[in-house]
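Below is one structure, written out as structure tokens; comments come after it.
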Amino acid sequence: MAVDVLLGLQWGDEGKGKIVDVLSPDYDLIARFQGGPNAGHTLEFNGQKFVLNTIPSGIFNPKTMNLIGNGVVVDPIILKRELDGLKARGFDPVADKKMVIARRAHLILPTHQLLDAASESRMGLGKIGSTLKGIGPTYMDKTGRNGLRVGDTQLPDFKERYQKLVNKHLSILAYYGDVPDFSEKEQAFFEAIEALKIIPQVDGEHFVNQYLQQGKKVLAEGAQGTMLDVDFGSYPFVTSSNTTTAGACTGLGIAPKNIGKVIGIFKAYCTRVGGGPFPTELENETGEKLRAIGHEFGATTGRPRRCGWIDLPALKYAILLNGVSEMVMTKADVLSGFDTIYACTHYQYNGETIDYMPYDINAITPIPVLEAIPGWNEDLTGIRAESEIPTKLKNYIAYLEKHLEVPVRYLSVGPDREQTLILS
Ligand code: GDP
Ligand code: IMO
Ligand code: MG
């Protein structure tokens, strides 16, 4: 048995949460492999909407186990809030024995968030546009070998370890200026640690591999998107983890040979939230129309998402890096009513026409070369069968498959679980 991976091919918010929920009945285990509460994964079913930040998107399926993997960074305060919110709505994945957490996952401290804010406020125009959840500083402490891990909460000297790390943070914060009072947050942190301790802690690497040895099916759930990968994204306007397939190996403890299908997800157009280059961005009425129809506002921060046309060189790059074997296209319904839609096939970059992602798209933003494609008018949100797909949308999908050389296996035509079609 192999681990299938579902991950974003653009700049995040492609609809990963919705599709993991849709696919979860086919899997025994859903395992989040990286990122933290910078993620906002939205699911809708039976007229209810949920946004998950840390918790894997398989928890609503009665039979699926869920793992928060070692590659994830966990804010206990946010995790507790997520669990309390779910409980208030009748879902309790811990009591139902449907969720475990890897001992090796790193903890986000209140001072990590202060560091994030201090660093961003210094950057001025070069701001990353971080979600300010403390993601970057926590991964820095992980690779800097200073971090605190979930398993450490069981140690008798956890508080001393916490204080040692906080003291280091305070000295860095002093360099930035005054340190704000965080005593309330600190109290909330220690309360949340008690709640965290109720979640069964596992050696995630053994946990996942046991599933494989028993012939069970595992789906690794990514967060963010390929263009936010710390190595291959639009650096430095990226997040601080590997959002690509390789991140599933290190973020869960799976050998590369045990990776099965890689399911890449993309929107029928493209969005980005936060700073950094976005070659196909539409800073005009069309972009505003996409934002309004697509409700393009961040699930975590509520910030307006920047909108633009689909970017084929960026998608090709993402497919290459991840070894994508099949794709999901979401939000096709948002494009209904556009007479003409556009796809970026190439970039003009530094006096040349290229079809790949160049090293530096910050200093020189590539200018998109756009191809016009006839749009469709039909409302797609009620479509449930492949035979009902309008011809012009079929043509758009065929066009994308021809350029990207990977099949589109699923089409999403609305936020609800039911609004999902499997394509032949
Ligand atoms: P994620 O971070 O990749 O899980 O995506 P988000 O949840 O941040 O953003 C995707 C948004 O689009 C959410 O509000 C979803 O409910 C919504 N969504 C997902 N698929 C579709 C779709 O096919 N059509 C429409 N209109 N909305 C969708
Ligand atoms: P999901 O999983 C979209 C963006 C931020 C910022 C940059 C760095 O919901 O797709 P960070 O908080 O990591 O320091 O922010 O990355 N970003 C996301 N954009 N979707 C996300 O997650 C994101 N997580 C981080 O806006 O530009
Ligand atoms: Mg999101």
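Ordering of the structure tokens sets the chain letters (A, B, ...); residue numbers start at 1 within each chain; ligands are numbered from 1 in the order shown.
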> Which protein, DNA or RNA residues have an atom within 8 Å of ligand 3, counting only C-alpha atoms and all ligand atoms, as a ChimeraX atom specification?
Replying inline: /A:12-17,39-42,223-224,298-300
>> List as a PyMOL selection string the protein and nucleic acid residues lying within 7 Å of ligand 2, with only C-alpha atoms and all ligand atoms counted.
In response: chain A and resi 11-14+38-41+128-136+223-225+228+237-240+272-275+299
> Given the choices A:Ile68, A:Ile373, A:Leu155, A:Ala292, which gets closest to ligand 1 if the distance is worked out from only C-alpha atoms and all ligand atoms?
Replying inline: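 So, comparing all the options, the nearest one is A:Ala292.
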>> For the strand (DSSP E or B) assignment from backbone DSSP, which residues of stretch 15-198 of chain A qualify? Please present them as number ranges by chain.
In response: A: 29-32, 35, 41-45, 48-52, 65-68, 72-74, 99-102, 106-107, 149
> Hey, which of A:Leu421, A:Asn167, A:Trp376, A:Ile19 ends up closest to A:Asn146? Count only C-alpha atoms.
Replying inline: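 Ranked by minimum distance to A:Asn146, first place goes to A:Asn167.
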> Given the choices A:Ile293, A:Val179, A:Met357, A:Val324, which gets closest to ligand 1 if the distance is worked out from only C-alpha atoms and all ligand atoms?
Replying inline: A:Ile293
> Using only C-alpha atoms, which residues sit within 8 Å of A:Asp339 once same-chain residues fewer than 5 positions away are excluded, as a count of residues only?
Replying inline: 4
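Atom CA of A:Met329 lies 13.6 Å from atom CA of A:Val22.
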> Residues at most 7 Å from A:Glu386, counting only C-alpha atoms, excluding those fewer than 2 positions away in the same chain, as a list in words?
Replying inline: Arg384, Glu388, Ile389, Leu421 and Leu423 of chain A
>> When you count only C-alpha atoms, which of these residues is closest to A:Phe50: A:Pro279, A:Pro180, A:Pro415, A:Gly151?
In response: A:Pro415
